[in-house]
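Everything on this sheet refers to the single structure shown next.
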Amino acid sequence: MSNKLIVFSNTVRGVSSSLINAFVCFGFTALHLPSDLKNFIIFFTGVNLLLSFVNWGLKDYSVKLFVSESATDKVFSQLFSIRLSLFILIGVFICFVPLELTLIIFILVFSFLKSCNNTIEAFSTAKSKNSLFAAVDLFFLIALVIYYCLNSGFNLNTVIMFMIIAELSKLFAGIILFREVISFKLINPIPFLKTTYNYFLIAFFAFLLSKTDFYIASLYLPSNEIINYHIYSSLIGLSQIIIASFFSRQMVDLFSSREKTFSTQYKQFLLTSFTLSILALPFFYLITQYFYKFEISVTLLALIFCNLFIYSITIFEIYLKTDQNRSKVLLIGVLISAFTNVIFSFCLIQYLGMMGAVLSNIAGLVCFYLFFKIKQ
(Lines give C-alpha, C1' and ligand atoms only; values in the text may rest on other atoms or scores of the structure.)
Protein backbone atom coordinates (compact mmCIF):
# COMPACT_ATOMS: atom_id res chain seq x y z
CA MET A 1 0.00 0.00 0.00
CA SER A 2 1.36 3.46 -0.93
CA ASN A 3 2.21 5.96 1.79
CA LYS A 4 -0.40 8.41 0.44
CA LEU A 5 -3.14 5.79 0.73
CA ILE A 6 -1.94 4.84 4.22
CA VAL A 7 -2.03 8.47 5.35
CA PHE A 8 -5.48 9.00 3.82
CA SER A 9 -6.84 5.81 5.43
CA ASN A 10 -5.44 6.70 8.85
CA THR A 11 -6.84 10.22 8.62
CA VAL A 12 -10.32 9.01 7.62
CA ARG A 13 -10.34 6.55 10.50
CA GLY A 14 -9.13 9.18 12.94
CA VAL A 15 -11.68 11.86 12.11
CA SER A 16 -14.74 9.74 11.27
CA SER A 17 -15.99 9.56 14.86
CA SER A 18 -15.59 13.32 15.37
CA LEU A 19 -17.24 14.09 12.04
CA ILE A 20 -20.20 11.84 12.83
CA ASN A 21 -20.52 13.51 16.24
CA ALA A 22 -20.41 16.98 14.69
CA PHE A 23 -22.88 16.08 11.94
CA VAL A 24 -25.37 14.44 14.30
CA CYS A 25 -25.29 17.45 16.63
CA PHE A 26 -25.84 19.71 13.61
CA GLY A 27 -28.72 17.51 12.41
CA PHE A 28 -30.55 17.45 15.73
CA THR A 29 -30.06 21.20 16.10
CA ALA A 30 -31.32 21.93 12.58
CA LEU A 31 -34.37 19.68 13.11
CA HIS A 32 -35.08 21.25 16.51
CA LEU A 33 -34.74 18.00 18.45
CA PRO A 34 -33.26 19.17 21.78
CA SER A 35 -34.17 15.97 23.62
CA ASP A 36 -32.41 13.77 21.06
CA LEU A 37 -29.42 16.13 21.07
CA LYS A 38 -29.16 15.96 24.86
CA ASN A 39 -29.40 12.15 24.90
CA PHE A 40 -26.85 11.84 22.09
CA ILE A 41 -24.38 13.97 24.08
CA ILE A 42 -25.02 11.72 27.10
CA PHE A 43 -24.48 8.65 24.89
CA PHE A 44 -21.26 10.01 23.40
CA THR A 45 -19.92 11.10 26.80
CA GLY A 46 -20.82 7.73 28.36
CA VAL A 47 -19.10 5.81 25.57
CA ASN A 48 -15.92 7.89 25.83
CA LEU A 49 -15.83 7.56 29.62
CA LEU A 50 -16.35 3.79 29.48
CA LEU A 51 -13.71 3.39 26.76
CA SER A 52 -11.23 5.44 28.80
CA PHE A 53 -11.34 2.59 31.32
CA VAL A 54 -11.76 -0.37 28.96
CA ASN A 55 -8.96 0.62 26.56
CA TRP A 56 -6.62 0.96 29.58
CA GLY A 57 -4.65 3.73 27.85
CA LEU A 58 -3.12 1.24 25.41
CA LYS A 59 -4.03 2.84 22.07
CA ASP A 60 -0.47 3.67 20.96
CA TYR A 61 1.11 0.95 23.11
CA SER A 62 -1.04 -1.66 21.34
CA VAL A 63 0.49 -0.62 18.01
CA LYS A 64 3.96 -0.90 19.55
CA LEU A 65 3.18 -4.43 20.78
CA PHE A 66 2.00 -5.57 17.36
CA VAL A 67 5.10 -4.06 15.73
CA SER A 68 7.65 -5.43 18.20
CA GLU A 69 6.18 -8.79 19.26
CA SER A 70 6.40 -11.81 16.97
CA ALA A 71 3.63 -13.75 18.78
CA THR A 72 0.69 -11.83 17.33
CA ASP A 73 -1.91 -14.25 18.69
CA LYS A 74 -0.56 -13.73 22.23
CA VAL A 75 -0.87 -9.94 21.89
CA PHE A 76 -4.47 -10.31 20.67
CA SER A 77 -5.23 -12.57 23.64
CA GLN A 78 -3.70 -10.11 26.11
CA LEU A 79 -5.59 -7.12 24.72
CA PHE A 80 -8.94 -8.88 24.31
CA SER A 81 -8.71 -10.39 27.80
CA ILE A 82 -7.86 -7.14 29.55
CA ARG A 83 -10.55 -5.19 27.73
CA LEU A 84 -13.27 -7.80 28.22
CA SER A 85 -12.50 -8.02 31.95
CA LEU A 86 -12.62 -4.25 32.36
CA PHE A 87 -15.77 -3.97 30.26
CA ILE A 88 -17.62 -6.45 32.47
CA LEU A 89 -16.38 -4.74 35.63
CA ILE A 90 -17.25 -1.17 34.56
CA GLY A 91 -20.36 -2.25 32.66
CA VAL A 92 -21.97 -3.49 35.88
CA PHE A 93 -21.68 0.01 37.35
CA ILE A 94 -23.05 1.59 34.16
CA CYS A 95 -26.21 -0.49 34.55
CA PHE A 96 -27.03 1.36 37.79
CA VAL A 97 -26.66 4.85 36.31
CA PRO A 98 -30.06 6.65 36.35
CA LEU A 99 -30.55 6.72 32.58
CA GLU A 100 -33.14 5.25 30.23
CA LEU A 101 -32.62 1.50 29.80
CA THR A 102 -32.42 1.86 26.02
CA LEU A 103 -29.66 4.46 26.31
CA ILE A 104 -27.67 2.27 28.74
CA ILE A 105 -27.94 -0.70 26.35
CA PHE A 106 -26.79 1.46 23.44
CA ILE A 107 -23.78 2.70 25.46
CA LEU A 108 -22.78 -0.84 26.48
CA VAL A 109 -23.22 -2.42 23.03
CA PHE A 110 -21.42 0.34 21.14
CA SER A 111 -18.58 0.52 23.69
CA PHE A 112 -18.04 -3.25 23.56
CA LEU A 113 -17.85 -3.29 19.75
CA LYS A 114 -15.62 -0.22 19.74
CA SER A 115 -13.18 -1.77 22.24
CA CYS A 116 -12.92 -4.93 20.11
CA ASN A 117 -12.31 -2.86 16.99
CA ASN A 118 -9.68 -0.75 18.76
CA THR A 119 -7.64 -3.93 19.24
CA ILE A 120 -8.06 -5.10 15.65
CA GLU A 121 -7.39 -1.64 14.23
CA ALA A 122 -4.18 -1.35 16.28
CA PHE A 123 -2.96 -4.44 14.42
CA SER A 124 -4.14 -3.05 11.07
CA THR A 125 -2.26 0.19 11.80
CA ALA A 126 0.91 -1.75 12.62
CA LYS A 127 0.57 -3.68 9.35
CA SER A 128 -0.54 -0.64 7.26
CA LYS A 129 -3.83 -2.28 6.30
CA ASN A 130 -6.33 0.39 7.28
CA SER A 131 -7.93 1.06 3.90
CA LEU A 132 -10.85 -1.35 4.44
CA PHE A 133 -11.75 0.13 7.83
CA ALA A 134 -11.46 3.66 6.42
CA ALA A 135 -13.81 2.68 3.57
CA VAL A 136 -16.39 1.36 6.06
CA ASP A 137 -16.20 4.56 8.13
CA LEU A 138 -16.55 6.73 5.04
CA PHE A 139 -19.44 4.66 3.67
CA PHE A 140 -21.47 4.89 6.86
CA LEU A 141 -20.80 8.62 7.23
CA ILE A 142 -22.08 9.19 3.69
CA ALA A 143 -25.06 6.90 4.36
CA LEU A 144 -25.93 8.89 7.49
CA VAL A 145 -25.78 12.18 5.57
CA ILE A 146 -27.98 10.78 2.79
CA TYR A 147 -30.46 9.46 5.34
CA TYR A 148 -30.66 12.90 6.94
CA CYS A 149 -31.24 14.57 3.56
CA LEU A 150 -33.87 12.11 2.28
CA ASN A 151 -35.71 10.94 5.38
CA SER A 152 -37.71 12.96 7.90
CA GLY A 153 -37.33 10.19 10.50
CA PHE A 154 -33.83 11.25 11.55
CA ASN A 155 -33.79 10.48 15.28
CA LEU A 156 -31.56 9.28 18.10
CA ASN A 157 -32.33 5.56 17.89
CA THR A 158 -31.73 5.45 14.13
CA VAL A 159 -28.44 7.33 14.41
CA ILE A 160 -27.08 5.04 17.11
CA MET A 161 -28.17 1.96 15.17
CA PHE A 162 -26.24 3.33 12.18
CA MET A 163 -23.16 3.63 14.40
CA ILE A 164 -23.57 0.13 15.85
CA ILE A 165 -23.97 -1.40 12.38
CA ALA A 166 -20.79 0.40 11.27
CA GLU A 167 -18.83 -1.07 14.21
CA LEU A 168 -20.25 -4.54 13.56
CA SER A 169 -19.22 -4.29 9.91
CA LYS A 170 -15.67 -3.35 10.87
CA LEU A 171 -15.51 -6.17 13.42
CA PHE A 172 -16.60 -8.81 10.89
CA ALA A 173 -14.26 -7.36 8.25
CA GLY A 174 -11.35 -7.45 10.69
CA ILE A 175 -12.03 -11.04 11.75
CA ILE A 176 -12.22 -12.17 8.12
CA LEU A 177 -9.17 -10.17 7.02
CA PHE A 178 -6.93 -11.24 9.91
CA ARG A 179 -8.45 -14.67 10.63
CA GLU A 180 -5.06 -16.40 10.34
CA VAL A 181 -3.44 -14.40 13.15
CA ILE A 182 -6.28 -13.16 15.32
CA SER A 183 -6.96 -14.95 18.62
CA PHE A 184 -9.86 -14.57 21.04
CA LYS A 185 -8.34 -16.92 23.59
CA LEU A 186 -8.87 -15.49 27.06
CA ILE A 187 -5.99 -15.46 29.53
CA ASN A 188 -5.41 -14.10 33.01
CA PRO A 189 -5.36 -10.29 32.50
CA ILE A 190 -3.92 -9.36 35.92
CA PRO A 191 -0.18 -9.61 35.03
CA PHE A 192 -0.71 -7.45 31.94
CA LEU A 193 -2.79 -4.98 33.98
CA LYS A 194 0.04 -4.60 36.47
CA THR A 195 2.70 -3.96 33.84
CA THR A 196 0.64 -1.38 31.92
CA TYR A 197 -1.22 0.54 34.65
CA ASN A 198 0.86 3.67 34.00
CA TYR A 199 -0.62 3.91 30.50
CA PHE A 200 -4.12 3.79 31.99
CA LEU A 201 -3.30 6.59 34.43
CA ILE A 202 -1.91 8.68 31.57
CA ALA A 203 -5.01 8.23 29.42
CA PHE A 204 -7.45 8.64 32.31
CA PHE A 205 -5.91 11.85 33.65
CA ALA A 206 -5.59 13.20 30.12
CA PHE A 207 -9.29 12.47 29.55
CA LEU A 208 -10.35 14.13 32.81
CA LEU A 209 -8.01 17.11 32.69
CA SER A 210 -7.67 17.99 28.99
CA LYS A 211 -10.82 20.11 29.26
CA THR A 212 -9.92 21.73 32.58
CA ASP A 213 -9.84 25.19 31.00
CA PHE A 214 -13.38 24.66 29.66
CA TYR A 215 -14.71 23.56 33.05
CA ILE A 216 -13.14 26.53 34.82
CA ALA A 217 -14.32 28.88 32.06
CA SER A 218 -17.91 27.86 32.82
CA LEU A 219 -17.46 29.41 36.29
CA TYR A 220 -16.52 32.84 34.93
CA LEU A 221 -17.81 33.31 31.38
CA PRO A 222 -21.35 34.29 30.32
CA SER A 223 -23.37 31.66 28.43
CA ASN A 224 -22.68 33.08 24.95
CA GLU A 225 -18.89 33.00 25.51
CA ILE A 226 -19.10 29.47 26.92
CA ILE A 227 -20.88 28.37 23.73
CA ASN A 228 -18.20 30.07 21.61
CA TYR A 229 -15.42 28.43 23.62
CA HIS A 230 -17.13 25.06 23.29
CA ILE A 231 -17.16 25.57 19.50
CA TYR A 232 -13.49 26.57 19.59
CA SER A 233 -12.54 23.55 21.75
CA SER A 234 -14.47 21.14 19.53
CA LEU A 235 -12.81 22.42 16.35
CA ILE A 236 -9.36 22.37 17.99
CA GLY A 237 -10.02 18.77 19.07
CA LEU A 238 -11.05 17.78 15.55
CA SER A 239 -7.94 19.45 14.09
CA GLN A 240 -5.71 17.62 16.57
CA ILE A 241 -7.31 14.29 15.68
CA ILE A 242 -6.67 14.94 11.98
CA ILE A 243 -3.02 15.79 12.68
CA ALA A 244 -2.53 12.74 14.92
CA SER A 245 -4.13 10.49 12.30
CA PHE A 246 -1.93 11.97 9.58
CA PHE A 247 1.15 11.12 11.62
CA SER A 248 0.05 7.61 12.59
CA ARG A 249 2.19 6.13 9.80
CA GLN A 250 5.27 7.81 11.28
CA MET A 251 4.37 6.24 14.60
CA VAL A 252 4.62 2.76 13.06
CA ASP A 253 7.97 3.63 11.45
CA LEU A 254 9.29 4.92 14.76
CA PHE A 255 8.28 1.77 16.63
CA SER A 256 9.86 -0.35 13.88
CA SER A 257 13.23 1.39 13.71
CA ARG A 258 13.55 2.69 17.27
CA GLU A 259 14.97 6.19 17.63
CA LYS A 260 16.73 6.36 14.24
CA THR A 261 13.61 7.46 12.40
CA PHE A 262 12.90 10.12 15.02
CA SER A 263 16.38 11.62 15.00
CA THR A 264 16.91 11.59 11.22
CA GLN A 265 13.46 12.86 10.24
CA TYR A 266 12.82 15.34 13.07
CA LYS A 267 13.30 18.38 10.81
CA GLN A 268 10.82 16.89 8.34
CA PHE A 269 8.36 16.33 11.22
CA LEU A 270 8.72 20.00 12.20
CA LEU A 271 8.11 21.19 8.65
CA THR A 272 5.08 18.94 8.23
CA SER A 273 3.69 20.06 11.60
CA PHE A 274 4.14 23.69 10.60
CA THR A 275 2.42 23.12 7.25
CA LEU A 276 -0.56 21.26 8.71
CA SER A 277 -1.04 23.92 11.38
CA ILE A 278 -1.05 26.66 8.73
CA LEU A 279 -3.46 24.75 6.48
CA ALA A 280 -5.92 24.34 9.35
CA LEU A 281 -6.41 28.10 9.75
CA PRO A 282 -8.54 28.91 6.64
CA PHE A 283 -10.81 25.93 7.33
CA PHE A 284 -11.12 26.98 10.96
CA TYR A 285 -12.04 30.51 9.87
CA LEU A 286 -14.61 29.45 7.26
CA ILE A 287 -16.34 26.97 9.56
CA THR A 288 -16.66 29.43 12.44
CA GLN A 289 -17.80 32.27 10.18
CA TYR A 290 -20.33 30.54 7.96
CA PHE A 291 -21.66 27.66 10.06
CA TYR A 292 -21.50 28.91 13.62
CA LYS A 293 -21.48 32.71 13.08
CA PHE A 294 -18.62 32.90 15.56
CA GLU A 295 -16.42 36.00 15.20
CA ILE A 296 -12.74 35.08 15.13
CA SER A 297 -9.89 37.59 15.36
CA VAL A 298 -6.39 37.54 13.88
CA THR A 299 -5.02 37.11 17.40
CA LEU A 300 -7.16 34.03 17.99
CA LEU A 301 -6.06 32.58 14.62
CA ALA A 302 -2.44 33.04 15.70
CA LEU A 303 -3.16 31.24 18.97
CA ILE A 304 -4.89 28.43 17.06
CA PHE A 305 -1.71 27.99 15.02
CA CYS A 306 0.39 27.90 18.21
CA ASN A 307 -1.92 25.32 19.78
CA LEU A 308 -1.85 22.99 16.77
CA PHE A 309 1.88 23.35 16.11
CA ILE A 310 2.88 22.69 19.73
CA TYR A 311 0.47 19.76 19.86
CA SER A 312 1.96 18.34 16.65
CA ILE A 313 5.58 18.40 17.83
CA THR A 314 4.53 17.03 21.23
CA ILE A 315 3.04 13.97 19.50
CA PHE A 316 6.50 12.80 18.45
CA GLU A 317 7.85 13.17 21.96
CA ILE A 318 4.95 10.99 23.15
CA TYR A 319 5.75 8.39 20.48
CA LEU A 320 9.42 8.39 21.48
CA LYS A 321 8.68 7.99 25.21
CA THR A 322 6.20 5.21 24.39
CA ASP A 323 8.85 3.43 22.33
CA GLN A 324 11.28 3.78 25.24
CA ASN A 325 8.70 2.38 27.69
CA ARG A 326 9.02 5.57 29.77
CA SER A 327 5.40 5.57 30.89
CA LYS A 328 6.21 7.26 34.21
CA VAL A 329 7.68 10.22 32.31
CA LEU A 330 4.49 10.42 30.23
CA LEU A 331 2.36 10.32 33.38
CA ILE A 332 4.34 13.07 35.10
CA GLY A 333 4.16 15.14 31.92
CA VAL A 334 0.37 14.80 31.77
CA LEU A 335 0.01 15.81 35.42
CA ILE A 336 2.32 18.83 35.03
CA SER A 337 0.44 19.91 31.91
CA ALA A 338 -2.92 19.60 33.64
CA PHE A 339 -1.70 21.41 36.76
CA THR A 340 -0.35 24.25 34.62
CA ASN A 341 -3.69 24.45 32.79
CA VAL A 342 -5.55 24.69 36.11
CA ILE A 343 -3.31 27.45 37.54
CA PHE A 344 -3.36 29.56 34.37
CA SER A 345 -7.11 29.07 33.96
CA PHE A 346 -7.90 30.43 37.42
CA CYS A 347 -5.45 33.31 36.97
CA LEU A 348 -6.34 34.38 33.40
CA ILE A 349 -9.97 33.55 32.59
CA GLN A 350 -11.52 35.93 35.10
CA TYR A 351 -9.53 38.82 33.55
CA LEU A 352 -9.16 37.86 29.88
CA GLY A 353 -12.33 35.84 29.36
CA MET A 354 -12.28 33.28 26.57
CA MET A 355 -8.80 34.41 25.48
CA GLY A 356 -7.54 33.48 28.94
CA ALA A 357 -8.90 29.95 28.52
CA VAL A 358 -7.19 29.66 25.13
CA LEU A 359 -3.87 30.83 26.59
CA SER A 360 -4.21 28.45 29.55
CA ASN A 361 -4.63 25.47 27.25
CA ILE A 362 -1.59 26.48 25.20
CA ALA A 363 0.46 26.99 28.40
CA GLY A 364 -0.32 23.41 29.41
CA LEU A 365 0.86 22.10 26.03
CA VAL A 366 4.07 24.17 26.19
CA CYS A 367 4.90 22.77 29.63
CA PHE A 368 4.18 19.26 28.35
CA TYR A 369 6.64 19.71 25.48
CA LEU A 370 9.34 21.43 27.57
CA PHE A 371 9.13 18.71 30.20
CA PHE A 372 9.79 16.07 27.52
CA LYS A 373 12.78 17.99 26.17
CA ILE A 374 14.25 18.33 29.67
CA LYS A 375 13.75 14.59 30.28
CA GLN A 376 15.60 13.55 27.11
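By convention in this document, the chains of the C-alpha coordinates carry letters A, B, ... by their order, each chain's residues are numbered from 1, and ligands are numbered from 1 in the order they are shown.
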| said: Using only C-alpha atoms, which protein or nucleic acid residues come within 8 Å of A:Leu281? Drop anything in the same chain fewer than 4 positions from it, and give the result as a list of chain:residue names. | reply: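 Near A:Leu281, the qualifying residues are A:Ser277, A:Tyr285, A:Leu301, A:Ile304, A:Phe305.
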Keeping only all heavy atoms, write the selected residues as a PDB file, in the first residue's frame.
```pdb
ATOM      1  N   SER A 277      -0.482  22.905  10.489  1.00  0.00           N
ATOM      2  CA  SER A 277      -1.044  23.920  11.385  1.00  0.00           C
ATOM      3  C   SER A 277      -1.476  25.158  10.606  1.00  0.00           C
ATOM      4  O   SER A 277      -2.504  25.771  10.901  1.00  0.00           O
ATOM      5  CB  SER A 277      -0.023  24.305  12.455  1.00  0.00           C
ATOM      6  OG  SER A 277       0.364  23.174  13.212  1.00  0.00           O
ATOM      7  N   TYR A 285     -11.384  29.220  10.058  1.00  0.00           N
ATOM      8  CA  TYR A 285     -12.040  30.514   9.868  1.00  0.00           C
ATOM      9  C   TYR A 285     -13.380  30.361   9.146  1.00  0.00           C
ATOM     10  O   TYR A 285     -14.403  30.926   9.568  1.00  0.00           O
ATOM     11  CB  TYR A 285     -11.124  31.438   9.079  1.00  0.00           C
ATOM     12  CG  TYR A 285     -11.708  32.801   8.827  1.00  0.00           C
ATOM     13  CD1 TYR A 285     -11.667  33.795   9.803  1.00  0.00           C
ATOM     14  CD2 TYR A 285     -12.312  33.105   7.605  1.00  0.00           C
ATOM     15  CE1 TYR A 285     -12.210  35.050   9.576  1.00  0.00           C
ATOM     16  CE2 TYR A 285     -12.861  34.352   7.368  1.00  0.00           C
ATOM     17  CZ  TYR A 285     -12.808  35.324   8.360  1.00  0.00           C
ATOM     18  OH  TYR A 285     -13.358  36.560   8.127  1.00  0.00           O
ATOM     19  N   LEU A 301      -6.606  33.451  15.664  1.00  0.00           N
ATOM     20  CA  LEU A 301      -6.060  32.580  14.617  1.00  0.00           C
ATOM     21  C   LEU A 301      -4.595  32.269  14.899  1.00  0.00           C
ATOM     22  O   LEU A 301      -4.136  31.135  14.701  1.00  0.00           O
ATOM     23  CB  LEU A 301      -6.210  33.244  13.252  1.00  0.00           C
ATOM     24  CG  LEU A 301      -7.582  33.179  12.597  1.00  0.00           C
ATOM     25  CD1 LEU A 301      -7.594  33.994  11.299  1.00  0.00           C
ATOM     26  CD2 LEU A 301      -8.002  31.741  12.301  1.00  0.00           C
ATOM     27  N   ILE A 304      -4.502  29.740  17.598  1.00  0.00           N
ATOM     28  CA  ILE A 304      -4.888  28.433  17.062  1.00  0.00           C
ATOM     29  C   ILE A 304      -3.688  27.761  16.411  1.00  0.00           C
ATOM     30  O   ILE A 304      -3.435  26.560  16.606  1.00  0.00           O
ATOM     31  CB  ILE A 304      -6.042  28.581  16.046  1.00  0.00           C
ATOM     32  CG1 ILE A 304      -7.328  28.982  16.760  1.00  0.00           C
ATOM     33  CG2 ILE A 304      -6.251  27.280  15.263  1.00  0.00           C
ATOM     34  CD1 ILE A 304      -8.435  29.430  15.836  1.00  0.00           C
ATOM     35  N   PHE A 305      -2.922  28.539  15.633  1.00  0.00           N
ATOM     36  CA  PHE A 305      -1.708  27.992  15.019  1.00  0.00           C
ATOM     37  C   PHE A 305      -0.741  27.490  16.088  1.00  0.00           C
ATOM     38  O   PHE A 305      -0.192  26.386  15.975  1.00  0.00           O
ATOM     39  CB  PHE A 305      -1.027  29.045  14.148  1.00  0.00           C
ATOM     40  CG  PHE A 305       0.367  28.663  13.745  1.00  0.00           C
ATOM     41  CD1 PHE A 305       0.577  27.777  12.703  1.00  0.00           C
ATOM     42  CD2 PHE A 305       1.465  29.164  14.430  1.00  0.00           C
ATOM     43  CE1 PHE A 305       1.865  27.389  12.342  1.00  0.00           C
ATOM     44  CE2 PHE A 305       2.754  28.791  14.079  1.00  0.00           C
ATOM     45  CZ  PHE A 305       2.954  27.901  13.031  1.00  0.00           C
TER      46      PHE A 305
END
```
DSSP says helix (DSSP H, G or I) for which residues of stretch 40-254 of chain A? Put them as a ChimeraX atom specification? /A:40-54,59-68,72-94,101-126,131-150,156-177,190-209,212-220,223-246,248-254
Across A:Leu144, A:Leu103, A:Leu370, A:Leu286, the smallest distance to A:Leu19, with only C-alpha atoms counted, is shown by A:Leu144
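Atom CA of A:Cys95 sits 27.0 Å away from atom CA of A:Thr196.
Among the candidates A:Cys149, A:Met163, A:Leu177, A:Leu335, the residue lying nearest to A:Leu132 is A:Leu177 (atoms considered: only C-alpha atoms).
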Between atom CA of A:Leu156 and atom CA of A:Thr119 lies a distance of 27.3 Å
Residues at most 8 Å from A:Gln78, counting only C-alpha atoms, excluding those fewer than 2 positions away in the same chain, as an NGL selection string? :A and (74-76 or 80-82 or 186-187 or 189 or 192)
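Of the residues listed (A:Asn21, A:Ser128, A:Ser273, A:Thr212), A:Ser273 shows the shortest atom-to-atom separation from A:Phe316; distances use only C-alpha atoms.
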Between A:Phe106, A:Phe344, A:Phe26, A:Phe200, smallest distance to A:Ile165 by only C-alpha atoms belongs to A:Phe106
* To one decimal place, how far is atom CA of A:Phe247 from atom CA of A:Tyr61 in Å? ->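 Separation between atom CA of A:Phe247 and atom CA of A:Tyr61: 15.3 Å.
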Top pick for closest residue to A:Tyr351, considering A:Leu320, A:Leu276, A:Val366, A:Leu221 and counting only C-alpha atoms: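 Once distances to A:Tyr351 are computed over only C-alpha atoms, the minimum belongs to A:Leu221.
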Which stretch 70-183 of chain A residues have any atom within 12 Å of an atom of stretch 31-39 of chain A, and for each, what is the nearest pair of atoms with distance in Å to one decimal, counting only C-alpha atoms, rows sorted by chain and number, as CSV?
```
residue,atom,partner,partner_atom,distance
A:Leu99,CA,A:Asn39,CA,9.5
A:Glu100,CA,A:Asn39,CA,9.5
A:Thr102,CA,A:Asn39,CA,10.8
A:Leu103,CA,A:Asn39,CA,7.8
A:Ile104,CA,A:Asn39,CA,10.7
A:Phe106,CA,A:Asn39,CA,11.1
A:Ile107,CA,A:Asn39,CA,11.0
A:Tyr148,CA,A:Leu31,CA,9.9
A:Cys149,CA,A:Leu31,CA,11.3
A:Asn151,CA,A:Leu31,CA,11.7
A:Ser152,CA,A:Leu31,CA,9.1
A:Gly153,CA,A:Leu31,CA,10.3
A:Phe154,CA,A:Leu31,CA,8.6
A:Asn155,CA,A:Asp36,CA,6.8
A:Leu156,CA,A:Asp36,CA,5.4
A:Asn157,CA,A:Asp36,CA,8.8
A:Thr158,CA,A:Asp36,CA,10.8
A:Val159,CA,A:Asp36,CA,10.1
A:Ile160,CA,A:Asn39,CA,10.8
```
Using only C-alpha atoms, which of A:Leu219, A:Ala244, A:Ile94, A:Ile313 sits nearest A:Lys267?
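Going through A:Leu219, A:Ala244, A:Ile94, A:Ile313 one by one, the smallest distance to A:Lys267 is for A:Ile313.
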- Message: List the spatial neighbours of A:Ser239 as a ChimeraX atom specification - criterion: any atom at most 12 Å away, only C-alpha atoms, same-chain residues fewer than 3 positions off excluded.
- Response: /A:11,14-15,18-19,232-236,242-246,273,276-281,283-284,304-305,307-309,311-312
